[in-house]
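data.txt (compact mmCIF, C-alpha atoms and all ligand atoms) appears below.
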```txt
# COMPACT_ATOMS: atom_id res chain seq x y z
CA MET A 22 19.66 -10.73 3.46
CA ILE A 23 16.62 -9.52 1.53
CA PRO A 24 16.44 -5.70 1.78
CA PHE A 25 13.79 -4.37 4.16
CA GLU A 26 14.27 -0.68 4.87
CA LEU A 27 12.29 2.16 6.35
CA THR A 28 12.96 5.79 5.41
CA ILE A 29 11.46 8.57 7.50
CA LEU A 30 10.07 11.32 5.28
CA GLY A 31 8.50 13.27 8.12
CA ALA A 32 8.90 12.84 11.87
CA GLY A 33 6.90 15.79 13.13
CA SER A 34 3.31 16.24 14.26
CA ALA A 35 0.54 18.70 13.41
CA LEU A 36 2.60 21.76 12.48
CA PRO A 37 5.38 21.17 9.96
CA THR A 38 8.68 22.98 10.45
CA ILE A 39 11.58 23.42 8.02
CA HIS A 40 13.47 20.54 9.63
CA ARG A 41 10.55 18.31 10.52
CA SER A 42 7.74 17.49 8.13
CA ALA A 43 4.54 15.87 9.36
CA THR A 44 4.10 12.11 9.17
CA SER A 45 5.14 10.15 6.14
CA GLN A 46 7.32 7.08 5.74
CA PHE A 47 8.70 5.10 2.82
CA LEU A 48 9.06 1.34 3.24
CA HIS A 49 10.97 -0.85 0.81
CA TYR A 50 11.02 -4.64 0.70
CA ASN A 51 12.80 -6.40 -2.14
CA GLY A 52 11.14 -4.52 -4.99
CA GLN A 53 7.94 -3.64 -3.13
CA ASN A 54 7.60 0.07 -2.40
CA MET A 55 5.08 1.58 -0.05
CA LEU A 56 4.20 4.77 1.68
CA ILE A 57 2.70 5.01 5.14
CA ASP A 58 0.85 8.29 5.61
CA CYS A 59 1.35 11.19 3.27
CA ALA A 60 1.53 14.57 4.95
CA GLU A 61 1.83 17.85 3.14
CA GLY A 62 5.35 18.10 1.71
CA THR A 63 5.80 14.36 1.15
CA GLN A 64 6.54 14.83 -2.56
CA ILE A 65 9.35 17.24 -1.77
CA ARG A 66 10.89 14.86 0.78
CA LEU A 67 10.69 12.00 -1.75
CA GLN A 68 12.49 14.15 -4.31
CA GLN A 69 15.11 15.23 -1.79
CA LEU A 70 15.80 11.59 -0.98
CA LYS A 71 15.71 10.57 -4.66
CA ILE A 72 12.81 8.16 -4.20
CA SER A 73 10.49 7.95 -7.20
CA ALA A 74 6.81 8.22 -6.33
CA MET A 75 6.09 6.35 -9.57
CA LYS A 76 7.52 3.19 -7.99
CA LEU A 77 4.98 3.13 -5.18
CA ASP A 78 2.78 0.04 -5.17
CA ARG A 79 0.82 0.67 -1.98
CA ILE A 80 -0.13 3.66 0.16
CA PHE A 81 -1.48 3.23 3.69
CA ILE A 82 -3.24 6.16 5.42
CA SER A 83 -3.65 5.72 9.18
CA HIS A 84 -6.37 8.31 9.84
CA LEU A 85 -7.86 11.50 8.49
CA HIS A 86 -6.14 14.16 10.56
CA GLY A 87 -4.60 16.50 8.00
CA ASP A 88 -0.99 16.01 9.12
CA HIS A 89 -1.25 12.40 7.93
CA TYR A 90 -2.78 12.77 4.47
CA PHE A 91 -2.93 16.33 3.14
CA GLY A 92 -0.13 15.47 0.69
CA LEU A 93 -1.98 12.56 -0.86
CA ILE A 94 -4.04 14.36 -3.50
CA GLY A 95 -0.94 16.25 -4.69
CA LEU A 96 1.03 13.04 -4.94
CA ILE A 97 -1.76 11.29 -6.86
CA ASN A 98 -2.04 14.27 -9.20
CA SER A 99 1.72 14.20 -9.86
CA MET A 100 1.58 10.48 -10.66
CA HIS A 101 -1.17 11.30 -13.16
CA LEU A 102 0.84 14.15 -14.73
CA ASN A 103 3.82 11.80 -15.00
CA SER A 104 1.65 9.41 -17.05
CA ARG A 105 1.47 6.64 -14.49
CA ILE A 106 -0.62 3.73 -15.71
CA LYS A 107 0.29 1.17 -13.04
CA PRO A 108 -2.60 0.60 -10.60
CA LEU A 109 -2.12 1.99 -7.10
CA LYS A 110 -3.35 0.17 -4.03
CA LEU A 111 -4.66 2.53 -1.38
CA PHE A 112 -5.68 1.59 2.16
CA GLY A 113 -7.33 4.11 4.45
CA PRO A 114 -10.43 5.14 6.39
CA PRO A 115 -13.63 4.63 4.34
CA GLU A 116 -14.22 8.37 3.76
CA LEU A 117 -10.83 8.81 2.08
CA ILE A 118 -11.91 7.66 -1.37
CA ASN A 119 -14.85 10.13 -1.39
CA ILE A 120 -12.52 12.99 -0.50
CA ILE A 121 -10.15 12.07 -3.34
CA GLN A 122 -12.97 11.64 -5.84
CA LEU A 123 -14.48 15.02 -4.93
CA MET A 124 -11.14 16.77 -5.44
CA LEU A 125 -10.54 15.03 -8.76
CA GLN A 126 -14.08 15.87 -9.95
CA ALA A 127 -13.69 19.53 -8.96
CA SER A 128 -10.58 19.81 -11.12
CA ASP A 129 -12.11 17.73 -13.92
CA THR A 130 -9.28 15.21 -13.64
CA SER A 131 -9.73 11.68 -14.83
CA LEU A 132 -6.74 9.63 -13.70
CA ASN A 133 -4.67 7.59 -16.17
CA PHE A 134 -4.33 4.83 -13.59
CA PRO A 135 -6.79 2.98 -11.36
CA ILE A 136 -6.79 3.40 -7.60
CA ASN A 137 -7.72 0.13 -5.94
CA PHE A 138 -9.08 1.35 -2.64
CA LYS A 139 -9.53 -0.88 0.37
CA PRO A 140 -11.30 0.76 3.32
CA LEU A 141 -9.93 0.03 6.77
CA ALA A 142 -12.46 -1.31 9.22
CA GLY A 143 -12.94 -3.43 12.28
CA PHE A 144 -12.03 -3.61 15.91
CA GLU A 145 -9.46 -6.39 15.50
CA LYS A 146 -6.22 -7.00 13.68
CA GLN A 147 -7.03 -7.88 10.08
CA LYS A 148 -5.07 -9.09 7.09
CA ILE A 149 -5.69 -6.45 4.43
CA ASP A 150 -3.39 -7.70 1.69
CA GLU A 151 -0.83 -10.32 0.78
CA ASP A 152 1.69 -10.94 -1.98
CA GLU A 153 4.38 -13.54 -2.58
CA GLN A 154 6.70 -12.07 0.01
CA LEU A 155 4.70 -10.12 2.56
CA GLN A 156 1.52 -10.03 4.60
CA TYR A 157 -0.09 -6.68 5.40
CA PHE A 158 -2.25 -6.16 8.49
CA SER A 159 -4.19 -3.27 9.97
CA PHE A 160 -5.26 -2.95 13.60
CA PRO A 161 -7.24 -0.30 15.46
CA VAL A 162 -5.39 2.17 17.68
CA LYS A 163 -6.86 4.70 20.09
CA HIS A 164 -7.21 8.26 18.86
CA ARG A 165 -9.75 11.10 18.66
CA ILE A 166 -11.10 9.83 15.35
CA PRO A 167 -10.93 6.26 13.97
CA ALA A 168 -7.27 5.40 13.39
CA TRP A 169 -5.33 2.28 12.47
CA GLY A 170 -1.84 0.94 12.85
CA PHE A 171 -0.13 -1.31 10.31
CA LEU A 172 1.98 -4.44 10.52
CA ILE A 173 3.97 -5.52 7.49
CA LYS A 174 5.45 -8.94 7.92
CA GLU A 175 7.58 -11.35 5.90
CA LYS A 176 5.96 -14.66 5.06
CA PRO A 177 7.68 -17.72 6.50
CA ARG A 178 10.41 -18.99 4.19
CA ARG A 179 10.13 -22.60 3.03
CA ASN A 180 13.47 -24.22 3.80
CA ILE A 181 14.22 -27.77 2.71
CA ASP A 182 15.43 -29.96 5.57
CA PRO A 183 19.25 -30.23 5.15
CA GLU A 184 19.18 -33.84 6.38
CA PHE A 185 16.78 -34.73 3.57
CA ILE A 186 19.13 -33.13 1.02
CA GLU A 187 22.09 -35.04 2.40
CA LYS A 188 20.25 -38.36 2.37
CA TYR A 189 18.53 -38.17 -1.05
CA ASN A 190 20.67 -35.67 -2.96
CA PRO A 191 17.68 -34.36 -5.02
CA ASN A 192 18.38 -32.66 -8.34
CA HIS A 193 17.41 -29.09 -9.22
CA GLN A 194 14.08 -30.08 -10.76
CA GLN A 195 13.12 -32.16 -7.73
CA LEU A 196 14.04 -29.29 -5.39
CA GLN A 197 11.82 -26.95 -7.36
CA ALA A 198 8.93 -29.39 -7.20
CA ILE A 199 9.37 -29.68 -3.43
CA GLN A 200 9.35 -25.88 -3.11
CA GLN A 201 6.07 -25.86 -5.02
CA GLY A 202 4.53 -28.25 -2.51
CA GLU A 203 5.01 -31.65 -4.13
CA ASP A 204 5.92 -34.84 -2.30
CA PHE A 205 9.17 -36.67 -3.08
CA ILE A 206 9.35 -40.21 -4.45
CA ASP A 207 12.65 -41.91 -3.60
CA ALA A 208 14.56 -44.56 -5.59
CA SER A 209 12.57 -47.40 -3.96
CA ASN A 210 9.30 -45.65 -4.93
CA ALA A 211 8.52 -44.66 -1.35
CA ARG A 212 6.70 -41.34 -0.91
CA ILE A 213 8.02 -38.70 1.48
CA SER A 214 5.40 -36.05 2.15
CA ASN A 215 6.15 -32.40 1.49
CA ALA A 216 5.39 -31.53 5.12
CA GLU A 217 8.20 -33.87 6.23
CA ILE A 218 10.71 -32.14 3.96
CA ILE A 219 9.82 -28.47 4.38
CA GLN A 220 10.71 -26.48 7.47
CA LEU A 221 8.98 -23.12 7.78
CA SER A 222 11.21 -20.35 9.13
CA SER A 223 10.10 -18.72 12.35
CA ASP A 224 12.29 -15.62 12.23
CA GLN A 225 10.30 -13.47 9.83
CA ARG A 226 11.03 -9.78 10.07
CA ALA A 227 8.17 -7.33 10.61
CA TYR A 228 7.60 -3.60 10.80
CA ALA A 229 4.83 -2.02 12.90
CA PHE A 230 3.57 1.53 12.56
CA CYS A 231 1.57 2.90 15.51
CA ALA A 232 0.42 6.49 15.14
CA ASP A 233 -1.52 8.44 16.14
CA THR A 234 -2.49 6.73 19.34
CA ALA A 235 -2.82 7.08 23.06
CA TYR A 236 -1.23 4.34 25.17
CA HIS A 237 -3.29 1.34 24.07
CA GLU A 238 -2.42 -2.03 25.55
CA PRO A 239 -4.14 -4.22 22.87
CA ILE A 240 -1.40 -3.08 20.47
CA VAL A 241 1.03 -5.31 22.41
CA ASP A 242 -0.65 -8.49 21.16
CA TYR A 243 -1.07 -7.23 17.61
CA ILE A 244 2.66 -6.67 17.12
CA LYS A 245 4.31 -9.31 19.40
CA GLY A 246 8.00 -9.79 18.66
CA VAL A 247 8.13 -7.15 15.92
CA SER A 248 11.59 -6.37 14.53
CA LEU A 249 11.07 -2.61 14.33
CA LEU A 250 8.31 -0.67 16.06
CA TYR A 251 7.57 2.92 15.14
CA HIS A 252 5.43 4.37 17.92
CA GLU A 253 4.43 7.97 18.24
CA ALA A 254 5.78 9.92 21.22
CA THR A 255 4.26 13.35 20.79
CA PHE A 256 5.14 14.47 24.32
CA MET A 257 7.53 13.84 27.19
CA GLN A 258 6.17 12.25 30.33
CA ASP A 259 5.72 15.58 32.17
CA LEU A 260 2.93 16.37 29.68
CA GLN A 261 1.15 13.09 30.33
CA VAL A 262 -2.13 14.89 31.11
CA LEU A 263 -2.02 16.68 27.77
CA ALA A 264 -1.17 13.40 26.02
CA SER A 265 -4.21 11.70 27.57
CA LYS A 266 -6.45 14.61 26.68
CA THR A 267 -5.38 14.68 23.03
CA LEU A 268 -5.13 10.86 22.76
CA HIS A 269 -1.44 10.90 22.00
CA SER A 270 1.43 9.04 23.66
CA THR A 271 4.44 10.06 25.68
CA THR A 272 7.97 8.71 25.31
CA VAL A 273 7.28 6.47 28.32
CA ASP A 274 4.08 5.10 26.73
CA ALA A 275 5.95 4.24 23.54
CA ALA A 276 8.79 2.55 25.45
CA ASN A 277 6.33 0.54 27.54
CA ILE A 278 4.58 -0.77 24.42
CA ALA A 279 8.00 -1.71 22.96
CA ASN A 280 8.93 -3.53 26.17
CA LYS A 281 5.68 -5.41 26.55
CA SER A 282 5.52 -6.44 22.90
CA ARG A 283 9.18 -7.60 23.03
CA ALA A 284 10.00 -5.44 20.04
CA LYS A 285 13.62 -5.68 18.98
CA GLN A 286 13.96 -2.00 18.18
CA LEU A 287 11.90 1.13 18.84
CA LEU A 288 11.73 4.26 16.75
CA ILE A 289 9.86 7.19 18.24
CA GLY A 290 8.44 10.13 16.29
CA HIS A 291 5.51 12.49 15.74
CA PHE A 292 7.14 14.97 18.09
CA SER A 293 5.33 18.11 19.13
CA SER A 294 6.83 21.17 17.46
CA ARG A 295 7.59 22.54 20.96
CA TYR A 296 10.63 20.22 21.16
CA LYS A 297 13.68 21.67 19.45
CA ASP A 298 16.16 19.34 21.13
CA LEU A 299 15.06 15.71 20.93
CA ASN A 300 17.78 14.27 23.19
CA PRO A 301 15.67 14.49 26.36
CA LEU A 302 12.91 12.51 24.62
CA LEU A 303 15.42 9.88 23.54
CA ALA A 304 16.89 9.63 27.05
CA GLU A 305 13.46 9.27 28.62
CA ALA A 306 12.44 6.46 26.26
CA ARG A 307 15.82 4.72 26.64
CA SER A 308 15.46 4.68 30.41
CA ILE A 309 12.72 2.08 29.81
CA PHE A 310 13.62 0.54 26.45
CA SER A 311 17.31 0.86 25.67
CA ASN A 312 17.23 0.03 21.94
CA THR A 313 15.37 3.22 21.03
CA GLN A 314 16.12 5.60 18.19
CA ILE A 315 14.74 9.02 17.32
CA ALA A 316 12.98 9.45 13.98
CA VAL A 317 14.37 12.37 12.00
CA ASP A 318 13.50 13.37 8.46
CA GLY A 319 15.68 11.42 6.03
CA LEU A 320 16.68 8.69 8.51
CA LYS A 321 16.98 5.22 7.01
CA VAL A 322 16.60 2.17 9.23
CA VAL A 323 17.45 -1.34 8.08
CA ILE A 324 14.98 -3.88 9.44
ZN ZN B 1 -4.07 12.52 14.66
```
Entire entry expressed as structure tokens:
Amino acid sequence: MIPFELTILGAGSALPTIHRSATSQFLHYNGQNMLIDCAEGTQIRLQQLKISAMKLDRIFISHLHGDHYFGLIGLINSMHLNSRIKPLKLFGPPELINIIQLMLQASDTSLNFPINFKPLAGFEKQKIDEDEQLQYFSFPVKHRIPAWGFLIKEKPRRNIDPEFIEKYNPNHQQLQAIQQGEDFIDASNARISNAEIIQLSSDQRAYAFCADTAYHEPIVDYIKGVSLLYHEATFMQDLQVLASKTLHSTTVDAANIANKSRAKQLLIGHFSSRYKDLNPLLAEARSIFSNTQIAVDGLKVVI
């Protein structure tokens, strides 16, 4: 199985505590390394978990509340000091690049590496990037300022029909040509089209990140059938009024989104610093969606 792993760098909300940093996550897929949100303290968590920031290819910033990106300029500066030259892809709200440029100008820093910035926009799910293995999407969530969720999904694998292989016994070169989209010519010079030979897999794994957001039903369609859903659950259900007022979710909201989207697994996080014991939050979410886990700093989840 191709490795696809999420590591929680920070599972807390606005106020960081010793045990719970604010939001940041490291996602690894077969050589691709990305960061989702970058709260203050992210560099320290990366070091504690022995993850090199130099390896990061992409950084996604969900919105411009400080607990989701105040660590970014420090991280970028450290990459510069460590002589990074590899370009960095950065996705975030449009204002983000101006904020970074202002801070770099003020310190008279000219980076050794380019930042390829792609502003998030739109009121629909959008494909924001693609490589050989993965597709990257953003979608709007519902918060006090513009905020986006992310879906990172495997591309369908191109499998060659086993019956075709049995019947024609193609050699290595022919198999490669088929994988590259070519038709097959059999011994009697008959053409078999590529579409007849290739079967696209339908079990691609995907990871969805939904924070910060109030309960927002359109998310269900954006992430249908996701393998792992991270959904914020800042409060327990008894603070539902406060959750609505601050445009955050409760454990019950998160579990309902997991249920309706037929997610295979739910991870809840972004807990208010008022909660010292997270077991009641876990129990409340599990009463609706049983395959729920609690995000804690340093937790690794295999997708
Ligand atoms: Zn926020």
query = Quick one, how far is atom CA of A:Leu96 from atom CA of A:Gln64?
reply =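 So the answer is 6.3 Å.
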task = Using all atoms listed in the file, find the one residue out of A:Asp298, A:Glu253, A:Asp259, A:Asp207 that sits nearest to ligand ZN 1 (chain B).
result =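 Between A:Asp298, A:Glu253, A:Asp259, A:Asp207, the residue approaching ligand ZN 1 (chain B) most closely is A:Glu253.
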ask   = Could you pull the residues within 9 Å of A:Met55, counting only C-alpha atoms, minus those fewer than 6 positions along the same chain, as a list of chain:residue names?
value =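 Listed by chain and then number, they are A:Gln46, A:Phe47, A:Leu48, A:His49, A:Lys76, A:Leu77, A:Asp78, A:Arg79, A:Ile80, A:Phe81.
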ask   = Hey, which residues come within 7 Å of ligand ZN 1 (chain B) if we count all atoms listed in the file? Could you give them as a count of residues only?
value = 4
query = Which residue gives the smallest distance to A:Glu305 among A:Asn137, A:Ser73, A:Gln200, A:Gln258, with only C-alpha atoms counted?
reply =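 With only C-alpha atoms as the atom set, the closest residue is A:Gln258.
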key: Residue among A:Cys231, A:Met22, A:Leu93, A:Gly33 lying closest to A:Leu299, counting only C-alpha atoms   = A:Gly33
inquiry  = Please determine, counting all atoms listed in the file, which residue among A:Leu249, A:Leu320, A:Ile136, A:Ile181 has the shortest atom-to-atom distance to A:Gln122.
reply    =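 Smallest separation from A:Gln122 among the options: A:Ile136.
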ask   = A:Ile94, A:Ala304, A:Leu109, A:Ala316: which is nearest A:Ala43, counting only C-alpha atoms?
value =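 Using only C-alpha atoms, the shortest distance to A:Ala43 belongs to A:Ala316.
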ask   = Hey, what's within 7 Å of A:Leu287 if we count only C-alpha atoms and toss same-chain stuff fewer than 6 positions away? As a ChimeraX atom specification, please?
value = /A:249-251,279,312-314
task = Select, from A:Ile218, A:Ile82, A:Ala254, A:Met124, the residue with the minimum atom-to-atom distance to A:Trp169, counting only C-alpha atoms.
result =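 Looking at the shortest contact to A:Trp169, the residue is A:Ile82.
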request  = For stretch 140-152 of chain A, work out the shell of residues within 6 Å, counting all atoms listed in the file and skipping chain neighbours fewer than 2 positions away, then give it as a VMD selection string.
outcome  = chain A and resid 112 to 115 154 to 161
